[in-house]
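Trainee: Next up, protein_4.cif (mmCIF, C-alpha atoms).
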```
data_entry
loop_
_atom_site.group_PDB
_atom_site.id
_atom_site.type_symbol
_atom_site.label_atom_id
_atom_site.label_comp_id
_atom_site.auth_asym_id
_atom_site.auth_seq_id
_atom_site.Cartn_x
_atom_site.Cartn_y
_atom_site.Cartn_z
ATOM 1 C CA MET Z 1 106.857 77.723 100.664
ATOM 2 C CA GLN Z 2 106.434 80.636 103.090
ATOM 3 C CA ARG Z 3 102.841 81.329 102.081
ATOM 4 C CA TYR Z 4 101.801 77.714 102.656
ATOM 5 C CA GLY Z 5 103.061 77.799 106.237
ATOM 6 C CA ARG Z 6 101.130 80.998 106.950
ATOM 7 C CA TRP Z 7 97.927 79.469 105.553
ATOM 8 C CA VAL Z 8 98.116 76.608 108.071
ATOM 9 C CA THR Z 9 98.922 78.985 110.935
ATOM 10 C CA TRP Z 10 96.190 81.452 109.938
ATOM 11 C CA TRP Z 11 93.557 78.690 109.764
ATOM 12 C CA ALA Z 12 94.477 77.390 113.225
ATOM 13 C CA LEU Z 13 94.351 80.873 114.783
ATOM 14 C CA TRP Z 14 90.978 81.658 113.210
ATOM 15 C CA LEU Z 15 89.580 78.326 114.416
ATOM 16 C CA VAL Z 16 90.687 79.058 117.989
ATOM 17 C CA ALA Z 17 89.251 82.588 117.870
ATOM 18 C CA ALA Z 18 85.979 81.488 116.300
ATOM 19 C CA CYS Z 19 85.433 78.618 118.733
ATOM 20 C CA GLY Z 20 86.248 80.559 121.869
ATOM 21 C CA GLY Z 21 89.713 79.135 122.436
ATOM 22 C CA GLY Z 22 88.987 75.455 122.860
ATOM 23 C CA GLY Z 23 87.023 74.449 119.801
ATOM 24 C CA ALA Z 24 83.422 73.328 119.631
ATOM 25 C CA THR Z 25 82.303 69.879 120.743
ATOM 26 C CA GLY Z 26 79.467 67.709 119.596
ATOM 27 C CA PRO Z 27 77.869 67.515 116.175
ATOM 28 C CA GLY Z 28 75.272 70.276 116.341
ATOM 29 C CA ASN Z 29 76.217 73.580 117.988
ATOM 30 C CA ASP Z 30 76.475 75.812 114.914
ATOM 31 C CA ILE Z 31 75.091 79.283 115.538
ATOM 32 C CA VAL Z 32 74.295 81.431 112.509
ATOM 33 C CA GLY Z 33 72.574 84.763 112.998
ATOM 34 C CA PRO Z 34 71.332 87.308 113.346
ATOM 35 C CA ILE Z 35 71.158 87.884 109.590
ATOM 36 C CA GLY Z 36 70.528 91.462 108.507
ATOM 37 C CA PRO Z 37 69.218 94.021 108.322
ATOM 38 C CA PHE Z 38 71.164 94.940 105.204
ATOM 39 C CA PRO Z 39 71.515 98.536 104.002
ATOM 40 C CA SER Z 40 69.227 99.654 101.200
ATOM 41 C CA GLY Z 41 70.546 98.758 97.758
ATOM 42 C CA VAL Z 42 72.736 95.857 98.932
ATOM 43 C CA THR Z 43 71.983 92.673 96.993
ATOM 44 C CA GLY Z 44 73.484 89.268 96.171
ATOM 45 C CA LYS Z 45 74.581 86.178 98.069
ATOM 46 C CA ILE Z 46 77.443 85.692 100.503
ATOM 47 C CA GLY Z 47 79.605 82.585 100.530
ATOM 48 C CA ILE Z 48 80.883 81.987 104.066
ATOM 49 C CA ILE Z 49 83.053 79.279 105.645
ATOM 50 C CA SER Z 50 82.563 77.863 109.140
ATOM 51 C CA SER Z 51 84.774 75.354 110.893
ATOM 52 C CA LYS Z 52 84.706 73.616 114.268
ATOM 53 C CA VAL Z 53 86.196 70.718 116.171
ATOM 54 C CA VAL Z 54 83.725 67.867 116.583
ATOM 55 C CA THR Z 55 84.458 65.448 119.425
ATOM 56 C CA THR Z 56 82.634 62.158 119.796
ATOM 57 C CA SER Z 57 83.225 59.189 122.075
ATOM 58 C CA THR Z 58 85.560 57.615 119.505
ATOM 59 C CA GLU Z 59 87.186 60.445 117.540
ATOM 60 C CA ALA Z 60 87.809 64.150 117.030
ATOM 61 C CA TYR Z 61 87.839 65.872 113.661
ATOM 62 C CA ILE Z 62 87.465 69.243 111.970
ATOM 63 C CA GLU Z 63 84.091 69.854 110.345
ATOM 64 C CA THR Z 64 84.043 72.594 107.706
ATOM 65 C CA LYS Z 65 80.914 73.943 106.038
ATOM 66 C CA VAL Z 66 80.222 76.186 103.064
ATOM 67 C CA HIS Z 67 77.293 78.498 103.764
ATOM 68 C CA VAL Z 68 75.324 80.654 101.358
ATOM 69 C CA THR Z 69 73.547 83.620 102.917
ATOM 70 C CA ASP Z 70 70.888 85.192 100.690
ATOM 71 C CA VAL Z 71 70.626 88.947 101.234
ATOM 72 C CA ALA Z 72 67.085 89.213 99.823
ATOM 73 C CA SER Z 73 65.573 86.547 102.088
ATOM 74 C CA ALA Z 74 68.011 86.948 105.031
ATOM 75 C CA THR Z 75 68.425 83.158 105.179
ATOM 76 C CA ASP Z 76 71.424 80.837 105.553
ATOM 77 C CA GLN Z 77 71.887 77.523 103.727
ATOM 78 C CA VAL Z 78 74.697 74.980 104.131
ATOM 79 C CA ILE Z 79 75.593 73.627 100.688
ATOM 80 C CA TRP Z 80 78.606 71.455 101.564
ATOM 81 C CA THR Z 81 79.970 69.808 104.704
ATOM 82 C CA VAL Z 82 83.411 68.179 104.723
ATOM 83 C CA ARG Z 83 85.734 66.600 107.292
ATOM 84 C CA ASP Z 84 89.392 67.510 107.935
ATOM 85 C CA VAL Z 85 89.591 69.793 104.898
ATOM 86 C CA GLN Z 86 90.447 73.500 104.948
ATOM 87 C CA ILE Z 87 88.775 75.917 102.541
ATOM 88 C CA LEU Z 88 91.274 78.678 101.816
ATOM 89 C CA GLY Z 89 89.534 80.620 99.077
ATOM 90 C CA LEU Z 90 86.262 80.911 97.205
ATOM 91 C CA THR Z 91 84.795 82.871 94.305
ATOM 92 C CA TRP Z 92 81.341 83.319 92.808
ATOM 93 C CA ALA Z 93 80.601 82.532 89.186
ATOM 94 C CA PRO Z 94 78.875 85.453 87.421
ATOM 95 C CA ASP Z 95 75.574 83.519 87.352
ATOM 96 C CA GLY Z 96 75.354 83.687 91.159
ATOM 97 C CA ASN Z 97 74.511 79.984 91.309
ATOM 98 C CA HIS Z 98 77.985 78.431 91.484
ATOM 99 C CA LEU Z 99 80.987 78.752 93.768
ATOM 100 C CA VAL Z 100 84.533 77.565 93.178
ATOM 101 C CA VAL Z 101 86.387 76.766 96.401
ATOM 102 C CA HIS Z 102 90.085 76.151 97.038
ATOM 103 C CA THR Z 103 90.400 73.133 99.315
ATOM 104 C CA LEU Z 104 93.392 71.827 101.248
ATOM 105 C CA LYS Z 105 93.321 68.278 102.561
ATOM 106 C CA ASP Z 106 95.828 66.921 105.082
ATOM 107 C CA PRO Z 107 97.798 70.185 105.581
ATOM 108 C CA LEU Z 108 100.355 68.536 107.886
ATOM 109 C CA GLY Z 109 100.935 65.472 105.725
ATOM 110 C CA ASN Z 110 100.702 64.981 101.968
ATOM 111 C CA ALA Z 111 98.930 68.245 101.205
ATOM 112 C CA ASN Z 112 96.444 68.230 98.353
ATOM 113 C CA HIS Z 113 95.242 71.588 96.995
ATOM 114 C CA GLN Z 114 92.318 71.527 94.558
ATOM 115 C CA LEU Z 115 89.644 73.722 93.013
ATOM 116 C CA GLN Z 116 86.132 72.341 93.381
ATOM 117 C CA LEU Z 117 82.849 73.551 91.889
ATOM 118 C CA LEU Z 118 79.714 73.791 94.067
ATOM 119 C CA THR Z 119 76.164 74.910 93.317
ATOM 120 C CA VAL Z 120 73.863 76.814 95.666
ATOM 121 C CA THR Z 121 71.395 73.937 95.459
ATOM 122 C CA GLY Z 122 73.971 71.624 97.010
ATOM 123 C CA GLY Z 123 75.250 69.963 93.840
ATOM 124 C CA GLY Z 124 78.872 68.897 93.659
ATOM 125 C CA PRO Z 125 81.608 69.072 94.493
ATOM 126 C CA THR Z 126 83.258 68.615 91.114
ATOM 127 C CA VAL Z 127 87.046 68.887 90.871
ATOM 128 C CA ILE Z 128 88.076 71.232 88.035
ATOM 129 C CA PHE Z 129 91.398 71.965 86.311
ATOM 130 C CA ASP Z 130 93.061 69.148 88.215
ATOM 131 C CA GLY Z 131 96.398 69.235 86.400
ATOM 132 C CA ASN Z 132 99.958 68.836 87.661
ATOM 133 C CA GLY Z 133 100.634 70.656 90.904
ATOM 134 C CA PRO Z 134 98.286 72.386 93.347
ATOM 135 C CA GLU Z 135 95.807 75.152 92.546
ATOM 136 C CA PHE Z 136 95.203 78.254 94.662
ATOM 137 C CA CYS Z 137 93.360 81.592 94.794
ATOM 138 C CA PRO Z 138 90.426 81.145 92.365
ATOM 139 C CA SER Z 139 88.848 84.319 90.959
ATOM 140 C CA TYR Z 140 86.062 84.657 88.401
ATOM 141 C CA ALA Z 141 86.056 87.486 85.868
ATOM 142 C CA PRO Z 142 82.731 89.186 85.064
ATOM 143 C CA ASP Z 143 82.714 87.366 81.703
ATOM 144 C CA GLY Z 144 83.093 83.939 83.343
ATOM 145 C CA ARG Z 145 86.830 83.303 82.926
ATOM 146 C CA LEU Z 146 88.375 81.627 85.960
ATOM 147 C CA ALA Z 147 91.862 82.690 87.020
ATOM 148 C CA TYR Z 148 93.986 80.962 89.643
ATOM 149 C CA TRP Z 149 97.585 80.303 90.648
ATOM 150 C CA GLY Z 150 98.798 76.791 89.839
ATOM 151 C CA GLY Z 151 101.931 74.694 90.192
ATOM 152 C CA PHE Z 152 105.234 75.459 91.894
ATOM 153 C CA GLY Z 153 108.187 77.474 90.664
ATOM 154 C CA GLY Z 154 108.534 80.204 88.050
ATOM 155 C CA THR Z 155 108.041 78.114 84.916
ATOM 156 C CA PRO Z 156 105.066 78.467 82.550
ATOM 157 C CA THR Z 157 103.436 75.613 84.471
ATOM 158 C CA GLY Z 158 103.925 77.473 87.768
ATOM 159 C CA GLY Z 159 102.088 80.778 87.831
ATOM 160 C CA ILE Z 160 98.823 82.404 86.768
ATOM 161 C CA TRP Z 161 96.379 80.245 84.825
ATOM 162 C CA ILE Z 162 93.064 81.132 83.193
ATOM 163 C CA ASP Z 163 90.541 78.409 82.341
ATOM 164 C CA GLY Z 164 93.150 75.673 82.530
ATOM 165 C CA GLN Z 165 95.799 77.460 80.432
ATOM 166 C CA PRO Z 166 99.019 79.077 81.764
ATOM 167 C CA VAL Z 167 99.203 82.802 81.019
ATOM 168 C CA HIS Z 168 102.029 84.165 83.199
ATOM 169 C CA PRO Z 169 104.901 82.489 85.135
ATOM 170 C CA LEU Z 170 104.996 83.502 88.779
ATOM 171 C CA ALA Z 171 106.875 82.100 91.763
ATOM 172 C CA PHE Z 172 104.946 80.623 94.693
ATOM 173 C CA GLY Z 173 103.822 83.064 97.355
ATOM 174 C CA ILE Z 174 100.778 85.032 96.184
ATOM 175 C CA SER Z 175 97.626 85.675 98.166
ATOM 176 C CA GLY Z 176 94.322 86.237 96.454
ATOM 177 C CA LEU Z 177 93.530 87.158 92.880
ATOM 178 C CA SER Z 178 91.086 89.848 91.823
ATOM 179 C CA TRP Z 179 90.084 90.950 88.326
ATOM 180 C CA MET Z 180 89.882 94.518 87.126
ATOM 181 C CA PRO Z 181 86.268 95.071 85.961
ATOM 182 C CA ALA Z 182 87.229 95.302 82.272
ATOM 183 C CA GLY Z 183 88.804 91.847 82.463
ATOM 184 C CA ASP Z 184 92.129 93.132 81.097
ATOM 185 C CA ALA Z 185 94.215 92.825 84.272
ATOM 186 C CA LEU Z 186 94.590 90.855 87.510
ATOM 187 C CA VAL Z 187 95.667 92.055 90.938
ATOM 188 C CA TRP Z 188 97.339 89.960 93.645
ATOM 189 C CA ALA Z 189 99.487 90.333 96.763
ATOM 190 C CA GLN Z 190 102.879 88.647 97.079
ATOM 191 C CA ASP Z 191 105.179 88.034 100.047
ATOM 192 C CA VAL Z 192 108.100 90.275 99.122
ATOM 193 C CA THR Z 193 106.862 92.703 96.481
ATOM 194 C CA GLY Z 194 103.414 93.478 97.902
ATOM 195 C CA LEU Z 195 100.356 94.480 95.868
ATOM 196 C CA GLU Z 196 100.836 93.922 92.123
ATOM 197 C CA ARG Z 197 98.861 94.187 88.868
ATOM 198 C CA LEU Z 198 99.302 92.004 85.774
ATOM 199 C CA THR Z 199 98.258 93.516 82.434
ATOM 200 C CA LEU Z 200 97.215 90.473 80.424
ATOM 201 C CA SER Z 201 97.818 91.882 76.930
ATOM 202 C CA SER Z 202 101.468 92.719 77.567
ATOM 203 C CA GLY Z 203 102.377 90.468 80.502
ATOM 204 C CA THR Z 204 103.610 93.556 82.382
ATOM 205 C CA VAL Z 205 103.611 93.344 86.193
ATOM 206 C CA THR Z 206 103.383 96.657 88.067
ATOM 207 C CA THR Z 207 103.968 97.022 91.810
ATOM 208 C CA LEU Z 208 101.164 99.139 93.250
ATOM 209 C CA LEU Z 209 101.973 99.059 96.975
ATOM 210 C CA SER Z 210 105.087 97.746 98.709
ATOM 211 C CA PRO Z 211 105.046 96.308 102.261
ATOM 212 C CA VAL Z 212 106.106 98.620 105.086
ATOM 213 C CA GLY Z 213 108.874 96.946 107.058
ATOM 214 C CA ALA Z 214 108.014 93.350 107.913
ATOM 215 C CA GLU Z 215 104.279 93.658 107.259
ATOM 216 C CA THR Z 216 102.331 91.360 104.932
ATOM 217 C CA LEU Z 217 99.704 92.347 102.357
ATOM 218 C CA GLU Z 218 97.021 89.784 101.464
ATOM 219 C CA TYR Z 219 93.675 89.107 99.752
ATOM 220 C CA PRO Z 220 93.170 92.166 97.528
ATOM 221 C CA ALA Z 221 89.689 92.886 96.147
ATOM 222 C CA VAL Z 222 89.033 95.370 93.328
ATOM 223 C CA SER Z 223 85.924 97.547 93.659
ATOM 224 C CA PRO Z 224 83.121 97.066 91.080
ATOM 225 C CA ASN Z 225 84.046 100.293 89.279
ATOM 226 C CA GLY Z 226 87.788 99.566 89.440
ATOM 227 C CA SER Z 227 88.646 102.761 91.296
ATOM 228 C CA ARG Z 228 89.953 101.234 94.555
ATOM 229 C CA ILE Z 229 91.474 98.022 95.861
ATOM 230 C CA ALA Z 230 90.789 96.653 99.339
ATOM 231 C CA LEU Z 231 93.307 94.426 101.118
ATOM 232 C CA MET Z 232 94.440 92.964 104.441
ATOM 233 C CA ARG Z 233 97.575 94.295 106.164
ATOM 234 C CA PHE Z 234 99.213 92.690 109.207
ATOM 235 C CA GLY Z 235 102.555 91.925 110.825
ATOM 236 C CA GLY Z 236 105.553 94.120 111.365
ATOM 237 C CA SER Z 237 104.616 97.095 113.531
ATOM 238 C CA ARG Z 238 100.864 96.612 113.028
ATOM 239 C CA GLN Z 239 98.910 95.665 116.148
ATOM 240 C CA GLY Z 240 96.307 93.511 114.435
ATOM 241 C CA GLN Z 241 94.992 92.456 111.070
ATOM 242 C CA GLU Z 242 93.673 95.556 109.334
ATOM 243 C CA ILE Z 243 91.486 96.366 106.330
ATOM 244 C CA TRP Z 244 92.799 99.102 104.024
ATOM 245 C CA THR Z 245 91.942 100.463 100.603
ATOM 246 C CA VAL Z 246 94.170 102.110 98.019
ATOM 247 C CA ALA Z 247 93.467 103.759 94.683
ATOM 248 C CA ALA Z 248 93.774 101.532 91.609
ATOM 249 C CA ASP Z 249 97.310 102.838 91.034
ATOM 250 C CA GLY Z 250 98.336 102.123 94.654
ATOM 251 C CA SER Z 251 98.132 105.720 95.853
ATOM 252 C CA ASP Z 252 95.910 107.243 98.557
ATOM 253 C CA PRO Z 253 96.044 104.437 101.180
ATOM 254 C CA LYS Z 254 93.235 104.521 103.769
ATOM 255 C CA GLN Z 255 92.911 102.376 106.886
ATOM 256 C CA LEU Z 256 89.323 101.281 107.588
ATOM 257 C CA THR Z 257 89.604 98.847 110.522
ATOM 258 C CA SER Z 258 92.043 97.882 113.268
ATOM 259 C CA GLY Z 259 90.572 94.638 114.584
ATOM 260 C CA PHE Z 260 92.615 91.693 115.835
ATOM 261 C CA GLY Z 261 91.622 89.426 112.950
ATOM 262 C CA ASP Z 262 89.709 91.515 110.386
ATOM 263 C CA GLY Z 263 90.207 89.987 106.968
ATOM 264 C CA PHE Z 264 89.129 88.827 103.533
ATOM 265 C CA PRO Z 265 87.570 92.050 102.214
ATOM 266 C CA GLN Z 266 84.893 91.929 99.525
ATOM 267 C CA TRP Z 267 82.870 94.701 97.911
ATOM 268 C CA THR Z 268 79.092 94.661 97.841
ATOM 269 C CA PRO Z 269 77.736 94.608 94.261
ATOM 270 C CA ASN Z 270 76.861 98.306 94.254
ATOM 271 C CA GLY Z 271 80.285 99.243 95.645
ATOM 272 C CA ASN Z 272 78.719 101.324 98.423
ATOM 273 C CA TYR Z 273 80.101 99.096 101.164
ATOM 274 C CA LEU Z 274 83.126 96.979 101.887
ATOM 275 C CA ALA Z 275 82.459 93.648 103.602
ATOM 276 C CA PHE Z 276 84.982 91.816 105.757
ATOM 277 C CA ALA Z 277 85.100 88.828 108.103
ATOM 278 C CA ARG Z 278 85.728 89.212 111.842
ATOM 279 C CA PRO Z 279 86.224 86.262 114.259
ATOM 280 C CA GLY Z 280 85.538 86.186 117.971
ATOM 281 C CA SER Z 281 82.549 86.429 120.317
ATOM 282 C CA ARG Z 282 80.771 88.762 117.881
ATOM 283 C CA GLY Z 283 82.136 87.041 114.829
ATOM 284 C CA GLY Z 284 80.570 87.313 111.409
ATOM 285 C CA ILE Z 285 80.431 89.456 108.302
ATOM 286 C CA TYR Z 286 80.638 93.216 108.759
ATOM 287 C CA LEU Z 287 80.024 96.144 106.414
ATOM 288 C CA ILE Z 288 81.819 99.479 106.447
ATOM 289 C CA ALA Z 289 81.578 102.458 104.109
ATOM 290 C CA PRO Z 290 84.625 102.887 101.816
ATOM 291 C CA GLY Z 291 85.247 106.255 103.417
ATOM 292 C CA GLY Z 292 85.372 104.743 106.887
ATOM 293 C CA GLY Z 293 83.062 104.747 109.909
ATOM 294 C CA THR Z 294 81.724 102.206 112.373
ATOM 295 C CA PRO Z 295 81.507 98.634 111.036
ATOM 296 C CA VAL Z 296 78.059 97.031 111.241
ATOM 297 C CA ARG Z 297 77.571 93.284 111.596
ATOM 298 C CA VAL Z 298 75.119 91.932 109.009
ATOM 299 C CA VAL Z 299 75.694 88.181 109.468
ATOM 300 C CA GLY Z 300 76.515 86.657 112.819
ATOM 301 C CA MET Z 301 78.478 83.405 112.893
ATOM 302 C CA SER Z 302 79.964 81.779 115.993
ATOM 303 C CA ASN Z 303 82.498 79.584 114.193
ATOM 304 C CA LEU Z 304 83.494 81.697 111.214
ATOM 305 C CA ALA Z 305 86.661 80.368 109.590
ATOM 306 C CA GLY Z 306 88.194 82.797 107.184
ATOM 307 C CA PRO Z 307 87.475 83.605 103.572
ATOM 308 C CA MET Z 308 84.168 84.858 102.241
ATOM 309 C CA ALA Z 309 82.856 85.962 98.858
ATOM 310 C CA TRP Z 310 79.995 88.221 97.785
ATOM 311 C CA SER Z 311 78.230 87.494 94.515
ATOM 312 C CA GLN Z 312 77.973 90.283 91.968
#
```
Written as structure tokens, how would this file's structure read?

Mentor:
Amino acid sequence: MQRYGRWVTWWALWLVAACGGGGATGPGNDIVGPIGPFPSGVTGKIGIISSKVVTTSTEAYIETKVHVTDVASATDQVIWTVRDVQILGLTWAPDGNHLVVHTLKDPLGNANHQLQLLTVTGGGPTVIFDGNGPEFCPSYAPDGRLAYWGGFGGTPTGGIWIDGQPVHPLAFGISGLSWMPAGDALVWAQDVTGLERLTLSSGTVTTLLSPVGAETLEYPAVSPNGSRIALMRFGGSRQGQEIWTVAADGSDPKQLTSGFGDGFPQWTPNGNYLAFARPGSRGGIYLIAPGGGTPVRVVGMSNLAGPMAWSQ
């Protein structure tokens, strides 16, 4: 259950950083913007999560919102608002009109993990694949298959699932799932073994990158052409939460950022930029070239709360 504990801790730290240390108060102090300008050739929509503490005269609660930022129009739209629920992962359907989000309700009590389907027009949510056990780390393949981790333990009902069917047993403790572009393999990060790839036809799991010392690898994202994998690295001797890329076979590691809380990397559809989320006073979504350079903020958000996804 080590991963579950880190999720709760990570969410609390991001909320403090995003809200300036004490949380936001009142029902209406969201600040989104500036939005853009985006580099030439960058397209799609960005799914972003915000979260804040709302305090009224009678109660205090966490308000979480799912935003969709449209690159073409440089506009932001809130498609779902929910109380006292974390959103720990999200993925775009290939049609660019639907998001699946991983929700966690009551993290300190009787935790309830689910996958829920949203539309950019505000329809939903609709709970999907609500079988035995929790569901984590949703990831759409280009052909529309939906992979996720479900259940507990290493049995066929605890591991990697695709479209509601178990395909590979895997013990609890993964972070993120990302498809290879051909749809023949999945990549994830795990507590002990690090960055791994599952070949679906054979069921073979290959370790691509092992942790260094006590560090943790999380939230891998495969580039559109399949040549490189982005990921978060933190802990151990690392000073912050860093964005790295490696070649598809785990070789040629390159560090791109060294921010305190940089995380949740995603590739732009053309693969020319790597996007990541950064909390704090200049929080928002940043772009950086895969070869490195100075990150540029393209979406400002004062109460950013973790994962993001970029439609393809």

Trainee: Apply the PyMOL selection byres ((chain Z and resi 121-137) around 6) to the file shown and report the selected residues as a ChimeraX atom specification.

Mentor: /Z:79,89,113-120,138,148-151,164,176-177

Trainee: Which of these, Z:Thr81, Z:Pro269, Z:His98, Z:Val296, has the shortest distance to Thr43 of chain Z once you count only C-alpha atoms?

Mentor: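 Smallest distance to Thr43 of chain Z is found for Z:Pro269.
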
Trainee: Go through Z:Ser175, Z:Glu215, Z:Leu146, Z:Pro290 one by one, measure the shortest atom-to-atom distance of each to Ser227 of chain Z using only C-alpha atoms, and give the residue with the smallest value.

Mentor: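 Closest candidate: Z:Pro290.
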
Trainee: Can you work out which one of Z:Val101, Z:Leu198, Z:Ile288, Z:Leu217 has the shortest atom-to-atom distance to His67 of chain Z, counting all atoms listed in the file?

Mentor: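 Smallest distance to His67 of chain Z is found for Z:Val101.
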
Trainee: Once 4 Å is added on each side, what are the centre and the three edge lengths, in Å to one decimal, of the axis-aligned box enclosing the listed atoms of segment 205-217 of chain Z? Present them as AutoDock Vina command-line options.

Mentor:
```
--center_x 104.3 --center_y 95.2 --center_z 97.1 --size_x 17.2 --size_y 15.8 --size_z 29.7
```

Trainee: Which distance in Å separates atom CA of Trp161 of chain Z and atom CA of Thr207 of chain Z, to one decimal?

Mentor: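 Those two atoms sit 19.7 Å apart.
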
Trainee: List, as a list in words, every residue that the PyMOL selection byres ((chain Z and resi 52) around 6) selects in the file provided.

Mentor: Ala24, Ser51, Val53, Ile62 and Glu63 of chain Z

Trainee: Tell me, as a VMD selection string, which residues lie within 10 Å of Gly263 of chain Z, counting only C-alpha atoms; anything in the same chain fewer than 4 positions away does not count.

Mentor: chain Z and resid 218 to 219 231 to 234 241 to 244 257 259 275 to 279 285 306 to 308

Trainee: Using Å and a single decimal, report how far atom CA of Ser302 of chain Z sits from atom CA of Thr245 of chain Z.

Mentor: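 Atom-to-atom, atom CA of Thr245 of chain Z to atom CA of Ser302 of chain Z, that is 27.0 Å.
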